[in-house]
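Visitor: Data file data-v8.txt (compact mmCIF, C-alpha atoms) is appended below.
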# COMPACT_ATOMS: atom_id res chain seq x y z
CA MET A 212 -56.68 8.66 -50.74
CA THR A 213 -59.21 9.57 -53.39
CA ALA A 214 -62.62 8.00 -53.62
CA GLU A 215 -61.67 6.34 -56.88
CA HIS A 216 -58.66 4.70 -55.30
CA ASP A 217 -60.70 3.66 -52.34
CA ALA A 218 -63.30 2.04 -54.55
CA GLU A 219 -60.60 0.38 -56.60
CA THR A 220 -59.00 -1.08 -53.51
CA ARG A 221 -62.31 -2.31 -52.30
CA VAL A 222 -63.06 -3.92 -55.61
CA ASP A 223 -59.62 -5.53 -55.65
CA GLU A 224 -60.14 -6.84 -52.18
CA GLN A 225 -63.54 -8.22 -52.99
CA SER A 226 -62.29 -9.89 -56.11
CA ASP A 227 -59.40 -11.25 -54.07
CA ASP A 228 -61.79 -12.56 -51.43
CA LEU A 229 -64.04 -14.01 -54.08
CA GLY A 230 -61.07 -15.62 -55.77
CA GLU A 231 -59.91 -17.16 -52.55
CA ILE A 232 -63.37 -18.39 -51.68
CA ALA A 233 -63.73 -19.72 -55.17
CA ALA A 234 -60.39 -21.46 -54.91
CA GLU A 235 -61.33 -22.90 -51.58
CA SER A 236 -64.70 -24.06 -52.84
CA GLU A 237 -62.99 -25.53 -55.89
CA ALA A 238 -60.57 -27.36 -53.68
CA ALA A 239 -63.39 -28.47 -51.45
CA ASP A 240 -65.23 -29.82 -54.44
CA ARG A 241 -62.14 -31.62 -55.55
CA ALA A 242 -61.62 -33.05 -52.10
CA LYS A 243 -65.24 -34.12 -52.03
CA SER A 244 -64.95 -35.83 -55.35
CA GLU A 245 -61.71 -37.36 -54.21
CA SER A 246 -63.28 -38.69 -51.06
CA GLU A 247 -66.18 -39.96 -53.11
CA ASP A 248 -63.69 -41.71 -55.33
CA GLN A 249 -61.96 -43.07 -52.31
CA ASP A 250 -65.15 -44.46 -50.90
CA ASP A 251 -65.01 -47.13 -53.57
CA GLY A 252 -62.33 -49.34 -52.04
CA ALA A 253 -61.19 -50.25 -48.54
CA ALA A 254 -57.52 -49.66 -49.43
CA ASN A 255 -58.40 -46.27 -50.80
CA ARG A 256 -60.25 -45.48 -47.60
CA THR A 257 -57.15 -45.95 -45.44
CA ARG A 258 -55.14 -43.73 -47.82
CA GLY A 259 -57.76 -40.99 -47.52
CA GLY A 260 -57.77 -41.35 -43.74
CA SER A 261 -54.04 -40.99 -43.60
CA PHE A 262 -54.26 -37.90 -45.79
CA ARG A 263 -56.83 -36.35 -43.47
CA VAL A 264 -54.74 -37.14 -40.44
CA ARG A 265 -51.65 -35.70 -42.09
CA ALA A 266 -53.54 -32.52 -43.01
CA GLY A 267 -54.86 -32.26 -39.47
CA ILE A 268 -51.35 -32.62 -38.09
CA LEU A 269 -50.04 -30.03 -40.52
CA ILE A 270 -52.81 -27.59 -39.61
CA GLY A 271 -52.22 -28.24 -35.92
CA VAL A 272 -48.50 -27.63 -36.32
CA LEU A 273 -49.09 -24.42 -38.26
CA VAL A 274 -51.63 -23.10 -35.77
CA ALA A 275 -49.42 -24.10 -32.86
CA LEU A 276 -46.60 -22.23 -34.58
CA LEU A 277 -48.91 -19.23 -34.83
CA GLY A 278 -49.76 -19.39 -31.15
CA PHE A 279 -46.10 -19.78 -30.31
CA ALA A 280 -45.21 -16.76 -32.47
CA ILE A 281 -47.98 -14.69 -30.91
CA ALA A 282 -46.82 -15.51 -27.40
CA VAL A 283 -43.19 -14.85 -28.27
CA GLN A 284 -43.97 -11.59 -30.00
CA VAL A 285 -46.21 -10.36 -27.18
CA ARG A 286 -43.62 -11.28 -24.62
CA SER A 287 -40.71 -9.71 -26.48
CA ASN A 288 -42.77 -6.60 -27.08
CA SER A 289 -43.74 -6.20 -23.45
CA SER A 290 -40.38 -7.28 -22.03
CA SER A 291 -38.22 -5.05 -24.19
CA ASP A 292 -38.19 -1.49 -23.01
CA SER A 293 -40.36 1.13 -24.58
CA LEU A 294 -37.41 2.74 -26.35
CA SER A 295 -37.29 0.16 -29.14
CA SER A 296 -40.75 1.15 -30.29
CA ALA A 297 -40.30 4.89 -29.77
CA ARG A 298 -40.19 7.21 -32.75
CA GLU A 299 -37.02 8.85 -33.95
CA GLU A 300 -37.94 12.35 -32.77
CA ASP A 301 -38.85 10.99 -29.36
CA LEU A 302 -35.56 9.14 -29.17
CA ILE A 303 -33.65 12.30 -30.09
CA ARG A 304 -35.55 14.25 -27.46
CA ILE A 305 -34.87 11.57 -24.86
CA LEU A 306 -31.20 11.54 -25.79
CA ASP A 307 -31.06 15.32 -25.52
CA ASP A 308 -32.71 15.16 -22.12
CA GLN A 309 -30.23 12.55 -20.97
CA ASN A 310 -27.30 14.59 -22.25
CA THR A 311 -28.57 17.72 -20.51
CA GLN A 312 -29.05 15.81 -17.31
CA ALA A 313 -25.59 14.28 -17.56
CA ALA A 314 -24.07 17.72 -18.12
CA ARG A 315 -25.98 19.10 -15.15
CA LEU A 316 -24.86 16.24 -12.94
CA ARG A 317 -21.27 16.66 -14.08
CA GLN A 318 -21.48 20.35 -13.22
CA GLN A 319 -22.86 19.41 -9.84
CA ILE A 320 -19.98 17.00 -9.26
CA ALA A 321 -17.46 19.71 -10.14
CA ASP A 322 -19.18 22.16 -7.78
CA LEU A 323 -19.19 19.67 -4.94
CA GLN A 324 -15.56 18.76 -5.50
CA ARG A 325 -14.65 22.45 -5.42
CA THR A 326 -16.58 22.80 -2.18
CA VAL A 327 -14.71 19.84 -0.71
CA THR A 328 -11.38 21.38 -1.70
CA GLU A 329 -12.39 24.72 -0.24
CA LEU A 330 -13.53 23.16 2.99
CA GLN A 331 -10.33 21.17 3.30
CA ALA A 332 -8.25 24.27 2.68
CA GLY A 333 -10.42 26.18 5.16
CA GLY A 334 -9.95 23.42 7.72
CA ASP A 335 -6.18 23.55 7.24
CA ARG A 336 -6.22 27.34 7.57
CA ASN A 337 -8.34 27.11 10.66
CA SER A 338 -6.09 24.56 12.32
CA VAL A 339 -3.02 26.65 11.48
CA ALA A 340 -4.72 29.73 12.91
CA LEU A 341 -5.68 27.79 16.02
CA GLN A 342 -2.13 26.55 16.44
CA GLN A 343 -0.79 30.07 16.06
CA ALA A 344 -3.31 31.38 18.54
CA GLU A 345 -2.30 28.73 21.05
CA GLN A 346 1.38 29.55 20.59
CA GLN A 347 0.59 33.22 21.03
CA LEU A 348 -1.45 32.47 24.12
CA ALA A 349 1.47 30.54 25.61
CA ALA A 350 3.96 33.29 24.75
CA LEU A 351 1.72 36.03 26.16
CA GLY A 352 1.01 33.92 29.24
CA VAL A 353 4.75 33.63 29.92
CA LEU A 354 5.38 37.32 29.30
CA LEU A 355 2.42 38.51 31.37
CA GLY A 356 3.06 36.07 34.18
CA THR A 357 -0.09 33.99 34.00
CA LEU A 358 1.81 30.81 33.13
CA PRO A 359 4.72 29.14 34.89
CA ALA A 360 7.96 29.31 32.92
CA THR A 361 11.27 27.55 32.80
CA GLY A 362 14.51 28.06 30.93
CA PRO A 363 18.09 29.29 31.29
CA GLY A 364 18.59 32.39 33.37
CA VAL A 365 20.06 33.81 36.55
CA VAL A 366 19.26 33.78 40.22
CA VAL A 367 20.25 37.00 41.97
CA THR A 368 20.55 37.04 45.72
CA VAL A 369 20.61 40.54 47.18
CA THR A 370 21.63 40.96 50.76
CA ASP A 371 21.00 44.22 52.62
CA PRO A 372 22.04 43.90 56.26
CA ALA A 373 21.87 47.66 56.83
CA HIS A 374 18.46 48.11 55.25
CA LYS A 375 19.87 50.84 53.13
CA LEU A 376 18.49 49.74 49.77
CA HIS A 377 15.54 51.79 48.62
CA PRO A 378 12.64 50.39 46.72
CA GLU A 379 13.87 52.19 43.59
CA ASP A 380 17.18 50.34 43.86
CA LEU A 381 15.29 47.06 43.83
CA LEU A 382 13.15 48.30 40.97
CA ASP A 383 16.39 49.09 39.19
CA ILE A 384 17.32 45.41 39.37
CA VAL A 385 14.07 44.48 37.69
CA GLN A 386 14.49 47.23 35.07
CA GLU A 387 18.06 46.14 34.41
CA LEU A 388 16.96 42.55 33.96
CA ARG A 389 14.13 43.65 31.63
CA GLY A 390 16.52 45.82 29.67
CA ALA A 391 18.83 42.84 29.25
CA GLY A 392 15.99 40.80 27.73
CA ALA A 393 14.64 38.82 30.68
CA GLU A 394 11.37 37.23 29.66
CA ALA A 395 10.04 36.19 33.06
CA ILE A 396 11.03 37.56 36.45
CA GLN A 397 10.12 36.49 39.95
CA PHE A 398 10.95 38.74 42.85
CA GLY A 399 10.87 36.66 46.03
CA GLY A 400 7.49 34.99 45.83
CA VAL A 401 5.96 37.52 43.46
CA ARG A 402 5.84 37.21 39.69
CA VAL A 403 6.86 40.51 38.19
CA GLY A 404 4.42 41.84 35.61
CA VAL A 405 3.62 45.07 33.85
CA SER A 406 1.86 46.58 36.87
CA THR A 407 4.26 45.43 39.57
CA SER A 408 4.99 48.15 42.11
CA PHE A 409 7.77 48.55 44.64
CA THR A 410 6.97 50.58 47.72
CA SER A 411 8.89 51.00 50.94
CA ALA A 412 7.90 49.01 53.99
CA PRO A 413 9.20 49.30 57.61
CA SER A 414 11.20 46.07 57.49
CA GLY A 415 11.98 45.80 53.80
CA VAL A 416 10.07 46.42 50.63
CA GLN A 417 6.47 45.81 49.57
CA VAL A 418 6.24 44.24 46.14
CA ASP A 419 2.65 44.41 44.94
CA ASP A 420 0.78 43.19 48.02
CA THR A 421 3.48 41.23 49.85
CA VAL A 422 6.11 42.64 52.15
CA GLN A 423 9.55 41.12 51.60
CA GLN A 424 12.62 41.23 53.68
CA PRO A 425 16.23 40.77 52.72
CA PRO A 426 17.82 38.74 51.44
CA TYR A 427 15.87 39.18 48.26
CA VAL A 428 16.02 36.37 45.72
CA VAL A 429 15.30 37.39 42.16
CA ARG A 430 14.90 34.74 39.46
CA ALA A 431 14.98 35.78 35.82
CA ILE A 432 14.76 33.76 32.61
CA GLY A 433 16.82 35.05 29.72
CA ASP A 434 20.30 34.78 28.27
CA PRO A 435 22.36 34.13 31.48
CA LYS A 436 25.52 35.90 30.25
CA THR A 437 23.68 39.03 29.11
CA LEU A 438 21.74 39.20 32.36
CA ASP A 439 24.91 38.72 34.41
CA THR A 440 26.71 41.40 32.47
CA ALA A 441 23.81 43.82 32.76
CA LEU A 442 23.69 43.46 36.54
CA ASN A 443 27.44 43.76 37.01
CA ILE A 444 28.23 46.76 34.85
CA PRO A 445 30.27 49.38 36.70
CA GLY A 446 27.98 51.74 38.55
CA GLY A 447 25.13 49.30 38.07
CA VAL A 448 22.85 47.46 40.42
CA ALA A 449 25.49 45.23 41.94
CA ALA A 450 27.68 48.24 42.61
CA THR A 451 24.75 50.06 44.26
CA ALA A 452 24.10 47.08 46.54
CA ARG A 453 27.73 46.87 47.50
CA ALA A 454 27.78 50.61 48.18
CA ALA A 455 24.85 50.15 50.52
CA GLY A 456 26.81 47.56 52.48
CA GLY A 457 25.13 44.57 50.96
CA ASN A 458 25.82 42.37 48.01
CA ALA A 459 24.15 41.18 44.81
CA ALA A 460 25.34 37.72 43.93
CA VAL A 461 24.45 36.62 40.42
CA ALA A 462 24.36 32.88 39.69
CA GLU A 463 24.05 31.83 36.05
CA MET A 464 21.81 28.76 35.76
CA GLN A 465 21.06 26.42 32.91
CA ARG A 466 17.60 25.95 34.27
CA VAL A 467 15.60 28.45 36.24
CA THR A 468 11.99 27.60 37.10
CA ILE A 469 9.48 30.34 37.83
CA THR A 470 6.27 29.09 39.40
CA ALA A 471 4.70 32.24 40.88
CA LEU A 472 1.70 33.45 38.89
CA ARG A 473 -0.16 36.71 38.46
CA GLN A 474 -3.87 37.23 38.16
CA LEU A 475 -4.73 39.50 35.27
CA PRO A 476 -7.58 41.89 35.99
CA ASN A 477 -10.21 42.05 33.31
CA PRO A 478 -10.08 45.43 31.62
CA LYS A 479 -13.02 47.48 32.81
CA TYR A 480 -12.95 50.39 30.40
CA ALA A 481 -10.67 49.42 27.56
CA SER A 482 -11.88 46.92 24.99
CA PRO A 483 -10.06 45.75 21.89
CA SER A 484 -10.74 47.99 18.89
CA GLY A 485 -10.79 46.63 15.40
CA ARG A 486 -7.50 46.69 13.60
CA MET B 89 -61.01 -28.55 -32.37
CA ILE B 90 -57.50 -29.81 -32.98
CA ALA B 91 -56.56 -26.36 -34.26
CA ALA B 92 -57.86 -24.59 -31.15
CA LEU B 93 -56.01 -27.05 -28.96
CA ALA B 94 -52.85 -26.55 -31.00
CA LEU B 95 -53.20 -22.78 -30.63
CA VAL B 96 -53.44 -23.08 -26.86
CA VAL B 97 -50.49 -25.48 -26.79
CA GLY B 98 -48.45 -23.08 -28.91
CA ILE B 99 -49.23 -20.09 -26.68
CA VAL B 100 -48.41 -22.05 -23.55
CA LEU B 101 -45.14 -23.25 -25.10
CA GLY B 102 -44.25 -19.69 -26.05
CA LEU B 103 -44.97 -18.47 -22.54
CA VAL B 104 -43.15 -21.32 -20.83
CA LEU B 105 -40.05 -21.53 -23.04
CA ARG B 106 -39.54 -17.75 -23.17
CA PRO B 107 -37.45 -17.82 -26.31
CA THR B 108 -35.76 -14.61 -27.43
CA VAL B 109 -36.55 -13.43 -30.91
CA PRO B 110 -33.41 -13.43 -33.07
CA SER B 111 -32.68 -9.94 -34.29
CA TRP B 112 -32.96 -10.83 -37.99
CA LEU B 113 -36.46 -12.12 -37.38
CA GLU B 114 -37.61 -9.18 -35.34
CA PRO B 115 -39.16 -7.03 -38.08
CA TYR B 116 -40.86 -9.98 -39.78
CA LEU B 117 -42.45 -11.73 -36.82
CA PRO B 118 -45.28 -9.28 -36.07
CA ILE B 119 -46.30 -9.00 -39.73
CA ALA B 120 -46.05 -12.78 -40.15
CA VAL B 121 -48.28 -13.23 -37.12
CA VAL B 122 -50.88 -10.86 -38.52
CA ALA B 123 -50.75 -12.60 -41.90
CA ALA B 124 -51.16 -15.99 -40.25
CA LEU B 125 -54.08 -14.65 -38.24
CA ASP B 126 -55.66 -13.54 -41.50
CA ALA B 127 -55.25 -17.05 -42.89
CA VAL B 128 -56.72 -18.56 -39.74
CA PHE B 129 -59.75 -16.29 -39.84
CA GLY B 130 -60.18 -17.09 -43.52
CA GLY B 131 -60.01 -20.75 -42.66
CA ILE B 132 -62.63 -20.42 -39.94
CA ARG B 133 -64.89 -18.55 -42.31
CA ALA B 134 -64.46 -21.22 -44.98
CA ARG B 135 -65.17 -23.89 -42.41
CA LEU B 136 -68.42 -22.17 -41.45
CA ASP B 137 -69.27 -21.75 -45.13
CA GLY B 138 -68.69 -25.47 -45.54
CA LEU B 139 -65.87 -24.78 -47.99
CA PHE B 140 -62.87 -25.57 -45.82
CA ASP B 141 -60.04 -27.45 -47.39
CA ALA B 142 -56.91 -28.36 -45.51
CA LYS B 143 -54.66 -27.98 -48.53
CA VAL B 144 -55.93 -24.50 -49.33
CA PHE B 145 -55.60 -23.52 -45.70
CA VAL B 146 -52.04 -24.76 -45.41
CA ILE B 147 -50.98 -23.14 -48.64
CA SER B 148 -52.71 -19.83 -47.87
CA PHE B 149 -51.23 -19.83 -44.39
CA VAL B 150 -47.68 -20.39 -45.60
CA SER B 151 -47.96 -18.09 -48.60
CA ASN B 152 -49.54 -15.33 -46.51
CA VAL B 153 -46.65 -15.46 -44.07
CA LEU B 154 -44.07 -15.59 -46.85
CA VAL B 155 -45.62 -12.73 -48.81
CA ALA B 156 -45.92 -10.60 -45.69
CA ALA B 157 -42.27 -11.24 -44.83
CA LEU B 158 -41.28 -10.53 -48.44
CA ILE B 159 -43.12 -7.21 -48.40
CA VAL B 160 -41.46 -6.16 -45.17
CA PHE B 161 -38.07 -7.25 -46.52
CA LEU B 162 -38.65 -5.33 -49.74
CA GLY B 163 -39.85 -2.29 -47.79
CA ASP B 164 -36.70 -2.39 -45.69
CA LYS B 165 -34.54 -2.58 -48.79
CA LEU B 166 -36.44 0.28 -50.43
CA GLY B 167 -36.26 2.44 -47.33
CA VAL B 168 -40.02 2.49 -46.78
CA GLY B 169 -40.06 -0.39 -44.33
CA ALA B 170 -42.20 1.21 -41.65
CA ALA B 171 -44.76 2.57 -44.14
CA LEU B 172 -45.03 -0.71 -46.00
CA SER B 173 -45.39 -2.66 -42.77
CA THR B 174 -48.22 -0.33 -41.80
CA ALA B 175 -49.82 -0.87 -45.19
CA VAL B 176 -49.61 -4.65 -44.83
CA VAL B 177 -51.09 -4.48 -41.35
CA VAL B 178 -53.91 -2.23 -42.56
CA VAL B 179 -54.80 -4.49 -45.48
CA LEU B 180 -54.62 -7.65 -43.40
CA GLY B 181 -56.61 -5.94 -40.68
CA ILE B 182 -59.38 -5.06 -43.14
CA ARG B 183 -59.45 -8.65 -44.37
CA ILE B 184 -59.55 -9.99 -40.83
CA PHE B 185 -62.44 -7.66 -40.05
CA GLY B 186 -64.26 -8.84 -43.18
CA ASN B 187 -63.76 -12.49 -42.28
CA ALA B 188 -64.74 -11.78 -38.68
CA ALA B 189 -67.93 -10.16 -39.95
CA ALA B 190 -68.74 -13.22 -42.03
CA ILE B 191 -68.05 -15.50 -39.06
CA ARG B 192 -70.24 -13.30 -36.91
CA ARG B 193 -73.08 -13.55 -39.43
CA HIS B 194 -72.74 -17.31 -39.40
CA ILE B 195 -72.71 -17.67 -35.64
CA PHE B 196 -75.19 -15.00 -34.56
CA ARG B 197 -77.21 -14.77 -37.79
CA ALA B 198 -76.80 -11.03 -37.62
Mind turning the file's structure into structure tokens?
Guide:
Amino acid sequence: MTAEHDAETRVDEQSDDLGEIAAESEAADRAKSESEDQDDGAANRTRGGSFRVRAGILIGVLVALLGFAIAVQVRSNSSSDSLSSAREEDLIRILDDQNTQAARLRQQIADLQRTVTELQAGGDRNSVALQQAEQQLAALGVLLGTLPATGPGVVVTVTDPAHKLHPEDLLDIVQELRGAGAEAIQFGGVRVGVSTSFTSAPSGVQVDDTVQQPPYVVRAIGDPKTLDTALNIPGGVAATARAAGGNAAVAEMQRVTITALRQLPNPKYASPSGR
Amino acid sequence: MIAALALVVGIVLGLVLRPTVPSWLEPYLPIAVVAALDAVFGGIRARLDGLFDAKVFVISFVSNVLVAALIVFLGDKLGVGAALSTAVVVVLGIRIFGNAAAIRRHIFRA
């Protein structure tokens, strides 16, 4: 604003003020003269009084209205949030911030949901792996002889009254049963495993650590017919037993239960190598 | 005296009733308040000058409010609403300061 303008404004304002004051003084004069006029009669006096009262009421109402408006405006200004009075650039910036934050939070939600999915899938995989491991453990336990087993199979009773059967003949029975697919074998009271040995003993045969005497009872779990056939092939185990003056009676059973267990030694030198 | 009492009553009413400002009145109310304040200060000054007249006060009060609202309305229509509101507030503020100075001179003789 130039100095000229400034001065002009000031002059305008002053003249305005002066005009208003003049008007007010004029009006005051008029009112004074009016009241002087009214002083003449009693009737006029009451009229002037009523005018004054009415003016007072009007002024009171107006000022009360002003106070009311001030209170309302102050309250609405302080109660409404600061956004309504914020400038446009600020509002745009705030909006941008909010949008950025919303995008970030949405991204976070997506990440977390992906994590949840991954964890669920991982949990499923883990439980499947665990189940498989347990099944494998059970299968290996049955095959290695650390777990009792039951199922269809045969019970072979070998008699040897003349004590003519050699340990290798008895081992042949086990081999024959293994070759025919027997999954679990019990020789007398001994569970047959990978390291089972047959050695000769004065009164019979020593299987692992126990000495056994005839008749030998061999239980095997597998397909009964195949096992029976394998034992009874011409020139096979049964024939050998008969040739030695004994017998090998094979009974096919729907249910053979093997309860003898083996203790597995912990490997001392060998350890699993990575696949 | 009556006016001061009325002002207090009005403020108390406004605080107690907690009315919400209608949206069409929102831009006009602050300017109208400032304009009315100007009229009130002018009235006080005239009173102290011994020139107070109820009629002039009432008319200046009402016309001040109306003119202020008209200027804001016009400013809104012309697209310079915020600037014109600021202008009105500045002018009224200067006038209020002038009147306040006159009142001060009357009361404190300084």
Visitor: Considering all atoms listed in the file, can you say which of B:Ser111, B:Ala171, B:Arg183, B:Ile132 comes closest to chain A?
Guide: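 Closest candidate: B:Arg183.
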Visitor: Write down, as a PyMOL selection string, each residue of chain A that has any atom within 6 Å of an atom of chain B, counting all atoms listed in the file.
Guide: chain A and resi 236+239+266+271+274-275+278-279+282-283
Visitor: Distance CA of Asn310 in chain A-CA of Asn288 in chain A, one decimal place?
Guide: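 Here the two named atoms are 26.7 Å from each other.
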Visitor: One number please: CA of Leu351 in chain A to CA of Pro435 in chain A, in Å, one decimal.
Guide: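 The value is 21.4 Å.
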Visitor: With distances taken over all atoms listed in the file, which of A:Ala344, A:Val369, A:Val264, A:Leu276 is nearest to Thr451 in chain A?
Guide: A:Val369
Visitor: What is the distance between CA of Glu379 in chain A and CA of Arg453 in chain A, in Å to one decimal?
Guide: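 Those two atoms sit 15.4 Å apart.
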